[in-house]
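Participant: Here you go, target_8.txt (compact mmCIF, C-alpha atoms and all ligand atoms):
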# COMPACT_ATOMS: atom_id res chain seq x y z
CA MET V 2 73.97 88.91 64.90
CA LEU V 3 77.45 88.73 63.38
CA LEU V 4 79.54 91.82 64.06
CA THR V 5 82.10 92.28 61.30
CA MET V 6 84.26 95.12 62.53
CA LEU V 7 87.48 93.09 62.50
CA PRO V 8 86.87 90.76 59.55
CA ALA V 9 89.67 88.24 59.01
CA LYS V 10 92.11 90.31 61.03
CA ARG V 11 94.84 88.02 62.34
CA ILE V 12 95.34 88.72 66.01
CA LEU V 13 98.15 87.15 68.01
CA LEU V 14 96.85 87.35 71.57
CA ILE V 15 99.49 86.96 74.26
CA ILE V 16 98.01 86.21 77.67
CA SER V 17 100.41 86.69 80.57
CA GLY V 18 99.97 85.72 84.20
CA GLY V 19 97.53 87.63 86.38
CA ILE V 20 94.03 87.40 87.72
CA ALA V 21 92.77 89.45 84.74
CA ALA V 22 93.64 86.51 82.46
CA TYR V 23 90.02 85.39 82.89
CA LYS V 24 88.96 88.56 81.04
CA ALA V 25 91.10 87.44 78.10
CA LEU V 26 88.58 84.62 77.58
CA ASP V 27 85.82 87.18 77.08
CA LEU V 28 88.15 89.21 74.83
CA ILE V 29 88.66 86.15 72.59
CA ARG V 30 84.90 85.70 72.35
CA ARG V 31 84.35 89.36 71.45
CA LEU V 32 87.08 89.25 68.81
CA ARG V 33 85.71 86.14 67.19
CA GLU V 34 82.19 87.63 67.16
CA ARG V 35 83.70 90.42 65.07
CA GLY V 36 85.24 88.04 62.59
CA ALA V 37 88.85 88.15 63.81
CA ASP V 38 91.16 85.11 63.72
CA VAL V 39 92.73 84.73 67.13
CA THR V 40 95.97 82.83 67.71
CA PRO V 41 96.47 82.60 71.46
CA VAL V 42 99.78 82.35 73.29
CA LEU V 43 99.90 81.53 76.98
CA THR V 44 102.81 82.25 79.28
CA ARG V 45 103.61 79.65 81.89
CA ALA V 46 102.19 81.93 84.61
CA ALA V 47 98.99 82.47 82.61
CA GLU V 48 98.33 78.73 82.73
CA GLU V 49 97.93 79.11 86.49
CA PHE V 50 94.90 81.32 85.84
CA VAL V 51 93.25 79.94 82.68
CA THR V 52 93.56 76.56 81.07
CA PRO V 53 94.93 76.01 77.56
CA LEU V 54 91.80 73.97 76.84
CA SER V 55 89.36 76.81 77.53
CA VAL V 56 91.50 79.29 75.58
CA SER V 57 91.79 76.92 72.64
CA ALA V 58 88.07 76.12 72.68
CA LEU V 59 87.06 79.79 72.63
CA ALA V 60 89.65 80.75 70.02
CA GLY V 61 88.86 77.73 67.86
CA ALA V 62 92.59 77.49 67.33
CA LYS V 63 95.73 75.87 68.61
CA VAL V 64 97.21 77.46 71.71
CA TYR V 65 100.92 78.18 71.65
CA ARG V 66 102.36 77.60 75.08
CA ASP V 67 105.53 78.47 76.75
CA LEU V 68 106.44 74.83 76.96
CA PHE V 69 106.15 74.24 73.24
CA ASP V 70 107.99 71.40 71.65
CA LEU V 71 109.89 70.86 68.46
CA THR V 72 106.73 69.90 66.60
CA ASP V 73 105.44 73.44 67.10
CA GLU V 74 108.68 74.91 65.85
CA ALA V 75 108.52 72.66 62.78
CA GLU V 76 104.88 73.61 62.11
CA MET V 77 105.41 77.33 62.55
CA GLY V 78 108.56 78.91 63.87
CA HIS V 79 108.28 81.67 66.43
CA ILE V 80 109.50 84.24 63.92
CA GLU V 81 106.73 83.41 61.50
CA LEU V 82 104.18 83.18 64.29
CA SER V 83 104.94 86.72 65.39
CA ARG V 84 105.08 88.19 61.91
CA SER V 85 102.05 86.57 60.35
CA ALA V 86 99.72 88.57 62.59
CA ASP V 87 98.15 91.93 61.66
CA LEU V 88 98.31 92.99 65.29
CA ILE V 89 99.80 91.56 68.47
CA VAL V 90 97.72 92.19 71.58
CA VAL V 91 99.12 91.53 75.05
CA ALA V 92 96.19 91.21 77.47
CA PRO V 93 96.71 91.08 80.34
CA ALA V 94 100.28 92.40 80.32
CA SER V 95 101.95 91.79 83.67
CA ALA V 96 104.59 94.11 85.14
CA ASP V 97 107.08 91.33 84.50
CA LEU V 98 106.29 91.00 80.80
CA MET V 99 106.36 94.80 80.34
CA ALA V 100 109.79 94.87 81.98
CA LYS V 101 111.06 92.14 79.66
CA MET V 102 109.67 93.96 76.62
CA ALA V 103 111.28 97.25 77.67
CA GLY V 104 114.61 95.54 78.28
CA GLY V 105 114.55 93.39 75.13
CA ILE V 106 114.72 90.21 77.21
CA CYS V 107 113.49 87.07 75.50
CA ASN V 108 113.61 84.04 77.76
CA ASP V 109 110.22 82.52 77.04
CA LEU V 110 107.90 82.16 74.07
CA ALA V 111 105.87 85.36 74.69
CA SER V 112 108.87 87.66 75.14
CA THR V 113 110.67 86.04 72.18
CA LEU V 114 107.66 86.62 69.92
CA LEU V 115 107.51 90.25 71.05
CA LEU V 116 111.19 90.83 70.30
CA ALA V 117 111.16 88.98 66.98
CA THR V 118 108.33 90.97 65.47
CA ASP V 119 107.84 94.06 63.36
CA THR V 120 104.06 93.86 63.71
CA PRO V 121 102.28 96.64 65.68
CA VAL V 122 101.82 95.75 69.35
CA MET V 123 98.99 96.82 71.66
CA VAL V 124 99.34 96.29 75.40
CA ALA V 125 96.64 96.14 78.11
CA PRO V 126 98.52 96.29 81.42
CA SER V 127 97.14 94.66 84.54
CA MET V 128 98.77 94.72 87.94
CA ASN V 129 98.52 95.88 91.52
CA VAL V 130 98.39 99.68 91.90
CA ARG V 131 101.75 99.88 93.71
CA MET V 132 103.38 97.84 90.96
CA TRP V 133 101.83 100.11 88.32
CA GLU V 134 102.94 103.26 90.08
CA HIS V 135 106.45 101.98 90.80
CA PRO V 136 109.08 104.09 89.02
CA ALA V 137 110.44 100.97 87.33
CA THR V 138 107.08 100.20 85.69
CA GLN V 139 106.57 103.84 84.76
CA ARG V 140 110.03 103.88 83.18
CA ASN V 141 109.21 100.73 81.23
CA LEU V 142 105.91 102.24 80.12
CA ALA V 143 107.70 105.36 78.83
CA THR V 144 110.26 103.23 76.99
CA LEU V 145 107.61 101.07 75.37
CA ALA V 146 105.51 104.09 74.37
CA LYS V 147 108.62 105.59 72.79
CA ASP V 148 109.14 102.32 70.92
CA GLY V 149 105.72 102.89 69.33
CA ILE V 150 103.74 100.41 71.39
CA THR V 151 100.17 101.50 72.07
CA PHE V 152 98.44 101.08 75.42
CA VAL V 153 94.85 100.48 76.43
CA GLY V 154 94.20 101.23 80.10
CA PRO V 155 94.85 100.33 82.80
CA ASP V 156 91.58 101.39 84.41
CA GLU V 157 91.20 102.73 87.88
CA GLY V 158 89.08 100.83 90.39
CA SER V 159 89.01 98.27 93.14
CA MET V 160 91.26 95.30 92.52
CA ALA V 161 91.16 91.60 93.20
CA CYS V 162 93.85 92.18 95.85
CA GLY V 163 91.55 94.56 97.75
CA GLU V 164 93.42 97.78 96.91
CA TYR V 165 92.09 100.69 94.87
CA GLY V 166 93.72 102.66 92.07
CA PRO V 167 95.01 102.39 88.51
CA GLY V 168 96.14 98.92 87.46
CA ARG V 169 92.97 97.06 86.46
CA MET V 170 93.01 95.67 82.96
CA ALA V 171 90.84 97.63 80.49
CA GLU V 172 87.49 95.95 79.82
CA PRO V 173 87.48 93.62 76.80
CA LEU V 174 85.15 95.91 74.84
CA ALA V 175 87.51 98.86 75.41
CA ILE V 176 90.36 96.75 74.04
CA VAL V 177 88.23 95.79 71.05
CA ALA V 178 87.41 99.49 70.45
CA ALA V 179 91.11 100.39 70.54
CA MET V 180 91.82 97.60 68.05
CA GLU V 181 89.05 98.81 65.74
CA ALA V 182 90.46 102.36 65.91
CA HIS V 183 93.91 100.96 65.09
CA PHE V 184 92.65 99.21 61.96
CA ALA V 185 90.34 102.06 60.92
CA GLY V 186 93.30 104.49 60.85
CA GLY V 187 92.26 107.78 62.42
CA PRO V 188 91.43 110.95 60.48
CA LEU V 189 94.90 112.31 61.32
CA ALA V 190 96.79 109.22 60.07
CA GLY V 191 99.85 110.30 58.10
CA LYS V 192 99.87 113.80 59.65
CA HIS V 193 102.69 115.13 61.81
CA ILE V 194 101.75 117.52 64.61
CA VAL V 195 104.19 119.42 66.82
CA ILE V 196 102.96 120.46 70.27
CA THR V 197 104.68 122.64 72.87
CA SER V 198 103.68 122.28 76.51
CA GLY V 199 104.50 123.20 80.09
CA PRO V 200 106.41 126.14 81.52
CA THR V 201 109.95 127.12 80.64
CA HIS V 202 112.64 127.63 83.26
CA GLU V 203 114.92 130.58 82.66
CA PRO V 204 118.10 130.37 84.73
CA ILE V 205 119.28 133.17 87.01
CA ASP V 206 122.34 131.19 88.04
CA PRO V 207 123.07 127.42 88.13
CA VAL V 208 120.65 126.83 91.02
CA ARG V 209 117.92 129.47 90.56
CA TYR V 210 115.45 130.08 87.79
CA ILE V 211 112.35 132.04 86.78
CA ALA V 212 109.29 129.93 86.05
CA ASN V 213 105.49 130.05 85.99
CA ARG V 214 102.60 127.96 87.30
CA SER V 215 101.73 126.04 84.11
CA SER V 216 101.25 122.31 84.84
CA GLY V 217 101.45 121.16 81.22
CA ALA V 218 98.15 119.28 81.61
CA GLN V 219 96.38 120.89 78.63
CA GLY V 220 99.30 120.32 76.25
CA ALA V 221 99.68 116.67 77.30
CA ALA V 222 95.94 116.09 76.79
CA ILE V 223 96.09 117.61 73.30
CA ALA V 224 99.06 115.40 72.40
CA GLU V 225 97.16 112.26 73.44
CA ALA V 226 93.98 113.39 71.68
CA VAL V 227 95.63 114.02 68.31
CA ALA V 228 97.69 110.82 68.63
CA ALA V 229 94.45 108.91 69.28
CA LEU V 230 93.19 110.20 65.90
CA GLY V 231 96.26 108.69 64.26
CA ALA V 232 98.68 111.64 64.10
CA ARG V 233 102.42 111.27 64.62
CA VAL V 234 103.14 113.70 67.43
CA THR V 235 106.33 115.47 68.50
CA PHE V 236 105.76 116.77 72.02
CA VAL V 237 108.21 119.47 73.09
CA THR V 238 107.83 120.03 76.79
CA GLY V 239 109.37 122.27 79.42
CA PRO V 240 109.79 120.98 82.99
CA ALA V 241 106.07 120.26 83.56
CA ARG V 242 104.38 118.52 86.51
CA ALA V 243 101.81 116.71 84.35
CA ASP V 244 102.41 113.10 83.30
CA ARG V 245 103.99 112.77 79.89
CA PRO V 246 101.56 111.66 77.15
CA HIS V 247 101.75 108.13 75.78
CA GLY V 248 102.40 107.13 72.20
CA VAL V 249 104.22 110.32 71.15
CA ASP V 250 107.82 111.41 70.58
CA ILE V 251 108.92 113.51 73.54
CA ILE V 252 111.62 116.19 73.57
CA GLU V 253 112.37 117.59 77.04
CA VAL V 254 113.69 121.16 77.15
CA GLU V 255 114.20 123.77 79.83
CA THR V 256 114.37 127.25 78.31
CA ALA V 257 112.45 129.14 75.62
CA THR V 258 115.56 129.20 73.41
CA GLN V 259 115.87 125.40 73.64
CA MET V 260 112.13 125.04 72.96
CA LEU V 261 112.38 127.10 69.76
CA ALA V 262 115.36 125.03 68.58
CA ALA V 263 113.51 121.75 69.32
CA VAL V 264 110.40 122.96 67.47
CA GLN V 265 112.39 124.09 64.44
CA GLY V 266 114.32 120.83 64.46
CA SER V 267 111.01 118.90 64.40
CA MET V 268 109.69 120.56 61.25
CA PRO V 269 108.14 119.97 58.77
CA ALA V 270 104.74 119.48 60.36
CA ASP V 271 101.17 119.62 59.11
CA ALA V 272 100.02 121.44 62.24
CA ALA V 273 101.58 122.96 65.35
CA VAL V 274 99.85 123.66 68.64
CA PHE V 275 101.65 126.01 71.01
CA ALA V 276 100.25 125.26 74.44
CA ALA V 277 103.44 126.04 76.38
CA ALA V 278 103.51 128.92 78.84
CA VAL V 279 106.80 130.26 77.53
CA ALA V 280 108.61 132.83 79.67
CA ASP V 281 108.59 136.14 77.83
CA TRP V 282 111.95 137.15 79.27
CA ARG V 283 115.16 135.47 80.30
CA VAL V 284 117.83 136.83 82.57
CA ASP V 285 120.38 138.61 80.46
CA GLY V 286 123.78 137.13 81.21
CA ALA V 287 122.73 134.48 83.75
CA ALA V 288 125.55 133.90 86.25
CA ASP V 289 127.86 130.91 85.66
CA GLN V 290 128.37 130.44 89.38
CA LYS V 291 125.89 130.60 92.22
CA MET V 292 125.20 134.23 93.13
CA LYS V 293 126.28 135.03 96.69
CA LYS V 294 124.72 137.41 99.19
CA GLU V 295 126.78 140.54 99.09
CA LYS V 296 127.15 143.06 101.83
CA GLY V 297 125.46 146.38 101.19
CA GLY V 298 123.13 145.63 98.32
CA LEU V 299 120.55 143.49 96.57
CA PRO V 300 121.34 141.94 93.21
CA THR V 301 119.77 143.49 90.12
CA LEU V 302 118.59 141.29 87.29
CA SER V 303 118.40 142.62 83.80
CA PHE V 304 116.25 140.85 81.25
CA ALA V 305 116.41 140.01 77.58
CA GLU V 306 113.37 139.16 75.47
CA ASN V 307 112.89 135.50 74.60
CA PRO V 308 112.10 134.44 71.05
CA ASP V 309 108.37 134.21 70.42
CA ILE V 310 108.08 130.62 69.19
CA LEU V 311 104.49 130.91 68.01
CA ALA V 312 105.18 134.11 66.04
CA THR V 313 108.47 132.79 64.62
CA VAL V 314 106.86 129.58 63.32
CA SER V 315 103.65 131.33 62.12
CA GLN V 316 105.62 133.87 60.11
CA GLY V 317 108.51 131.62 59.08
CA GLU V 318 109.20 129.67 55.93
CA GLY V 319 107.74 126.18 55.61
CA ARG V 320 105.01 127.15 58.05
CA PRO V 321 102.66 124.29 59.01
CA GLU V 322 99.28 124.42 57.28
CA LEU V 323 97.59 125.07 60.63
CA VAL V 324 99.16 126.95 63.55
CA VAL V 325 97.28 127.14 66.84
CA GLY V 326 98.25 129.34 69.79
CA PHE V 327 96.85 129.92 73.25
CA ALA V 328 96.11 133.20 74.93
CA ALA V 329 96.07 133.17 78.68
CA GLU V 330 94.44 136.46 79.69
CA THR V 331 93.11 137.95 82.87
CA GLU V 332 90.87 140.68 81.35
CA ASN V 333 89.21 141.62 78.01
CA VAL V 334 89.86 138.03 76.94
CA ILE V 335 88.31 138.11 73.45
CA ALA V 336 89.70 141.51 72.46
CA HIS V 337 93.21 140.68 73.65
CA ALA V 338 93.18 137.23 72.07
CA THR V 339 91.86 138.54 68.75
CA ALA V 340 94.66 141.11 68.66
CA LYS V 341 97.18 138.41 69.63
CA ARG V 342 96.07 136.22 66.71
CA GLU V 343 96.71 139.09 64.27
CA ARG V 344 100.01 140.04 65.87
CA LYS V 345 101.45 136.54 65.95
CA GLY V 346 100.10 135.49 62.56
CA CYS V 347 98.64 132.15 63.65
CA ASP V 348 95.40 130.63 62.36
CA TRP V 349 93.60 129.93 65.61
CA ILE V 350 93.93 131.13 69.17
CA LEU V 351 92.37 129.24 72.04
CA ALA V 352 91.73 132.01 74.53
CA ASN V 353 91.15 131.43 78.19
CA ASP V 354 90.65 133.49 81.31
CA VAL V 355 93.29 132.55 83.86
CA SER V 356 92.32 135.07 86.53
CA PRO V 357 92.75 133.80 90.06
CA GLY V 358 89.41 132.30 91.07
CA THR V 359 88.76 130.59 87.72
CA GLY V 360 90.89 127.64 88.94
CA ILE V 361 92.05 127.07 85.36
CA MET V 362 95.83 127.46 85.61
CA GLY V 363 97.03 124.26 87.26
CA GLY V 364 93.43 122.92 87.44
CA THR V 365 91.67 120.09 85.59
CA GLU V 366 89.12 122.19 83.68
CA ASN V 367 89.33 124.82 80.98
CA ASP V 368 86.95 127.42 79.60
CA VAL V 369 88.05 128.43 76.13
CA THR V 370 86.99 130.52 73.17
CA LEU V 371 88.29 129.55 69.74
CA ILE V 372 89.30 132.65 67.80
CA SER V 373 89.76 132.14 64.06
CA ALA V 374 89.40 134.23 60.91
CA ASP V 375 85.67 133.48 61.21
CA GLY V 376 85.34 135.12 64.63
CA ALA V 377 85.00 133.90 68.22
CA GLU V 378 83.41 130.56 69.14
CA ASP V 379 82.71 130.08 72.81
CA TRP V 380 83.14 126.51 74.13
CA PRO V 381 81.44 125.48 77.37
CA ARG V 382 83.62 124.94 80.43
CA MET V 383 84.80 121.31 80.37
CA GLY V 384 87.66 119.03 81.41
CA LYS V 385 91.03 119.63 79.78
CA SER V 386 90.83 116.25 78.03
CA GLN V 387 87.44 117.15 76.53
CA VAL V 388 88.89 120.46 75.30
CA ALA V 389 91.75 118.43 73.81
CA GLU V 390 89.40 115.98 72.08
CA ARG V 391 87.29 118.78 70.64
CA LEU V 392 90.39 120.59 69.39
CA ALA V 393 91.74 117.35 67.90
CA ARG V 394 88.51 116.85 65.94
CA ARG V 395 88.65 120.45 64.70
CA ILE V 396 92.26 119.99 63.61
CA ALA V 397 91.30 116.81 61.74
CA GLU V 398 88.52 118.70 59.94
CA ALA V 399 90.85 121.57 59.07
CA LEU V 400 93.59 119.28 57.70
CA GLY V 401 91.09 116.90 56.09
N1 LIG F 501 104.35 131.82 73.02
C1 LIG F 501 105.48 131.34 72.40
N2 LIG F 501 106.70 131.86 72.68
C2 LIG F 501 106.82 132.88 73.55
C3 LIG F 501 105.67 133.39 74.20
C4 LIG F 501 104.45 132.84 73.90
O1 LIG F 501 105.37 130.40 71.59
N3 LIG F 501 108.02 133.37 73.81
C5 LIG F 501 103.03 131.28 72.66
C6 LIG F 501 102.36 130.50 73.75
O2 LIG F 501 102.68 129.13 73.68
C7 LIG F 501 100.90 130.76 73.44
C8 LIG F 501 100.89 132.13 72.84
O3 LIG F 501 102.21 132.35 72.40
O4 LIG F 501 100.42 129.89 72.45
C9 LIG F 501 100.44 133.23 73.77
O5 LIG F 501 101.35 133.50 74.75
P1 LIG F 501 101.15 134.67 75.82
O6 LIG F 501 102.29 134.58 76.73
O7 LIG F 501 99.80 134.58 76.40
O8 LIG F 501 101.19 135.96 74.93
P2 LIG F 501 102.26 137.10 74.90
O9 LIG F 501 102.94 137.04 73.59
O10 LIG F 501 103.12 137.01 76.10
O11 LIG F 501 101.41 138.41 74.95
P3 LIG F 501 100.99 139.26 76.25
O12 LIG F 501 102.24 139.46 77.03
O13 LIG F 501 100.43 140.49 75.63
O14 LIG F 501 99.95 138.46 76.96
Could you write out this file's structure as structure tokens?
Facilitator:
Amino acid sequence: MLLTMLPAKRILLIISGGIAAYKALDLIRRLRERGADVTPVLTRAAEEFVTPLSVSALAGAKVYRDLFDLTDEAEMGHIELSRSADLIVVAPASADLMAKMAGGICNDLASTLLLATDTPVMVAPSMNVRMWEHPATQRNLATLAKDGITFVGPDEGSMACGEYGPGRMAEPLAIVAAMEAHFAGGPLAGKHIVITSGPTHEPIDPVRYIANRSSGAQGAAIAEAVAALGARVTFVTGPARADRPHGVDIIEVETATQMLAAVQGSMPADAAVFAAAVADWRVDGAADQKMKKEKGGLPTLSFAENPDILATVSQGEGRPELVVGFAAETENVIAHATAKRERKGCDWILANDVSPGTGIMGGTENDVTLISADGAEDWPRMGKSQVAERLARRIAEALG
């Protein structure tokens, strides 16, 4: 059976050094089964793991190697090689190659091709768990994601080195699926979605602040889910514990006032999802210097009301076509959330019960009801990423 999901797509496959390089052989096979043209590039380290002969035989094409000679350059220069592809896939991507990419270093064929190109790049990292979790690699990952590079994996599991954790290269079929999604263009392609997430910190003085327990996990999951459907995402986040989402533009803020300014500065948008747990009040006249213990009395804080970002955007000019808010309630969830939707003027409210004992605030699951003009739709309790995926699909339908 000939699978034709990637017909005649020109894939430049860069294989860097690592034990997962053997999986790149299977990836080549899967890509060719689907009709893709694969031009392989091997780094010098990759040649320690797979041979140019096996790569060339499976690809049915010439292998470009780090130690290429002038004949190669005369046949096809590295600039043309990198630009004639529809997609560049780096699988496996070692920590070293990711670091070079993030730093713009080009001291071998693979890194030169990656710097010389304007073709979309997809990266499947593979490395030891400690290397993956190292702040340097995480920094490089964030830089590359900001540069618009998409990532597949890594997966979590036991590794060739005997350790366990994230760092294993995504399976070849998962990489193929990500490539197919890339070429299919998701249902949100061409749409811009602004998402707020996390808590806000409202200063009392330069060292103290008022905050809340939001982890930012639900907002980050929504950002990744809508980005996976092809949307361009601006993610405005307060100081949240959750990992930042990949493949989106991130604006870090601290206070509600800064969050409103960042959201307004990111408009226009086709949709906005307000998942942040914004502090309702800030300290009026926060102290410029650290407040000191004073004899004979406790300090008194007076509060000022923060701007309501959801209401401001919902009722403002140039409002996005679809505005979604959240309602975190501890009682009469549906009634309160329905009233909140009317009051704020948004299209949908995702209402949830955050009473102690539900384990929702700061947890991995959510139990939501979607409130729209059509009434209340109860969703079963599920993981926050499933809630995000379901919401992303609903947003795609609504904007479709
Ligand atoms: N929200 C916002 N800006 C604020 C407060 C809330 O954008 N200053 C958004 C939240 O991101 C969420 C929705 O409004 O999408 C609901 O927030 P919530 O704090 O639950 O509602 P409140 O307006 O505080 O109403 P109440 O105090 O009655 O619960």
Participant: Box time for ligand LIG 501 (chain F): axis-aligned, enclosing all its listed atoms, 8 Å extra on each side; report centre and edge lengths in Å to one decimal, as JSON.
Facilitator:
{"center_x": 103.9, "center_y": 134.8, "center_z": 74.3, "size_x": 24.2, "size_y": 27.4, "size_z": 21.4}
Participant: List the neighbours of range 322-327 of chain V out to 7 Å using all atoms listed in the file; skip same-chain residues closer than 5 positions along the sequence, and give me the result as a list in words.
Facilitator: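 After dropping sequence-adjacent residues, the list is Asp271, Ala272, Ala273, Val274, Phe275, Ala276, Leu311, Ser315, Cys347, Asp348, Trp349, Ile350, Leu351 and Ala352 of chain V.
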Participant: For ligand LIG 501 (chain F), list the contacting residues at 9 Å or closer, counting all atoms listed in the file, as an NGL selection string.
Facilitator: :V and (197-199 or 257-258 or 260-261 or 274-282 or 306-314 or 325-330 or 337-338 or 341-342 or 344-345 or 350-352)
Participant: Once you have the residues from the selection above, write them out as a CSV table (one decimal), keeping the file's coordinate frame, restricted to C-alpha atoms.
Facilitator:
chain,number,residue,atom,x,y,z
V,197,THR,CA,104.7,122.6,72.9
V,198,SER,CA,103.7,122.3,76.5
V,199,GLY,CA,104.5,123.2,80.1
V,257,ALA,CA,112.4,129.1,75.6
V,258,THR,CA,115.6,129.2,73.4
V,260,MET,CA,112.1,125.0,73.0
V,261,LEU,CA,112.4,127.1,69.8
V,274,VAL,CA,99.8,123.7,68.6
V,275,PHE,CA,101.6,126.0,71.0
V,276,ALA,CA,100.2,125.3,74.4
V,277,ALA,CA,103.4,126.0,76.4
V,278,ALA,CA,103.5,128.9,78.8
V,279,VAL,CA,106.8,130.3,77.5
V,280,ALA,CA,108.6,132.8,79.7
V,281,ASP,CA,108.6,136.1,77.8
V,282,TRP,CA,112.0,137.2,79.3
V,306,GLU,CA,113.4,139.2,75.5
V,307,ASN,CA,112.9,135.5,74.6
V,308,PRO,CA,112.1,134.4,71.0
V,309,ASP,CA,108.4,134.2,70.4
V,310,ILE,CA,108.1,130.6,69.2
V,311,LEU,CA,104.5,130.9,68.0
V,312,ALA,CA,105.2,134.1,66.0
V,313,THR,CA,108.5,132.8,64.6
V,314,VAL,CA,106.9,129.6,63.3
V,325,VAL,CA,97.3,127.1,66.8
V,326,GLY,CA,98.2,129.3,69.8
V,327,PHE,CA,96.8,129.9,73.2
V,328,ALA,CA,96.1,133.2,74.9
V,329,ALA,CA,96.1,133.2,78.7
V,330,GLU,CA,94.4,136.5,79.7
V,337,HIS,CA,93.2,140.7,73.6
V,338,ALA,CA,93.2,137.2,72.1
V,341,LYS,CA,97.2,138.4,69.6
V,342,ARG,CA,96.1,136.2,66.7
V,344,ARG,CA,100.0,140.0,65.9
V,345,LYS,CA,101.4,136.5,66.0
V,350,ILE,CA,93.9,131.1,69.2
V,351,LEU,CA,92.4,129.2,72.0
V,352,ALA,CA,91.7,132.0,74.5
Participant: Excluding Gly104 in chain V and its own-chain neighbours fewer than 5 positions away, which residues fall within 10 Å of it when counting only C-alpha atoms? Please give them as an NGL selection string.
Facilitator: :V and (98-99 or 116 or 141 or 144-145)
Participant: Using all atoms listed in the file, which protein or nucleic acid residues come within 12 Å of Asp244 in chain V? Drop anything in the same chain fewer than 5 positions from it, and give the result as a VMD selection string.
Facilitator: chain V and resid 134 139 to 140 142 to 143 198 to 199 216 to 222 224 to 225 238 251
Participant: Please indicate the distance in Å from CA of Gln290 in chain V to CA of Arg214 in chain V, rounded to one decimal place.
Facilitator: 26.0 Å
Participant: Each residue of range 142-209 of chain V with at least one atom at most 12 Å from range 80-97 of chain V should appear once, together with its nearest atom pair and the corresponding distance in Å (one decimal); atoms considered: all atoms listed in the file; ordering: chain, then increasing residue number; output as CSV.
Facilitator:
residue,atom,partner,partner_atom,distance
V:Leu142,CA,V:Ala96,CA,9.6
V:Ile150,CA,V:Ile89,CA,10.1
V:Thr151,CA,V:Val90,CA,9.6
V:Phe152,CA,V:Val91,CA,9.6
V:Val153,CA,V:Ala92,CA,9.4
V:Gly154,CA,V:Pro93,CA,10.5
V:Pro155,CA,V:Pro93,CA,9.8
V:Gly168,CA,V:Ser95,CA,9.9
V:Arg169,CA,V:Pro93,CA,9.3
V:Met170,CA,V:Pro93,CA,6.5
V:Ala171,CA,V:Pro93,CA,8.8
V:Glu172,CA,V:Ala92,CA,10.2
V:Pro173,CA,V:Ala92,CA,9.1
V:Ala175,CA,V:Ala92,CA,11.8
V:Ile176,CA,V:Ala92,CA,8.7
V:Val177,CA,V:Val90,CA,10.2
V:Ala179,CA,V:Val90,CA,10.6
V:Met180,CA,V:Leu88,CA,8.4
V:Glu181,CA,V:Leu88,CA,10.9
V:His183,CA,V:Leu88,CA,9.1
V:Phe184,CA,V:Leu88,CA,9.0
Participant: For CA of Pro41 in chain V and CA of Val64 in chain V, determine how far apart the two atoms are, in Å to one decimal place.
Facilitator: 5.2 Å
Participant: Please, which residues are within 8 Å of (88.4, 128.2, 69.3) by the file's coordinates, counting all atoms listed in the file, and could they come as a count of residues only?
Facilitator: 14
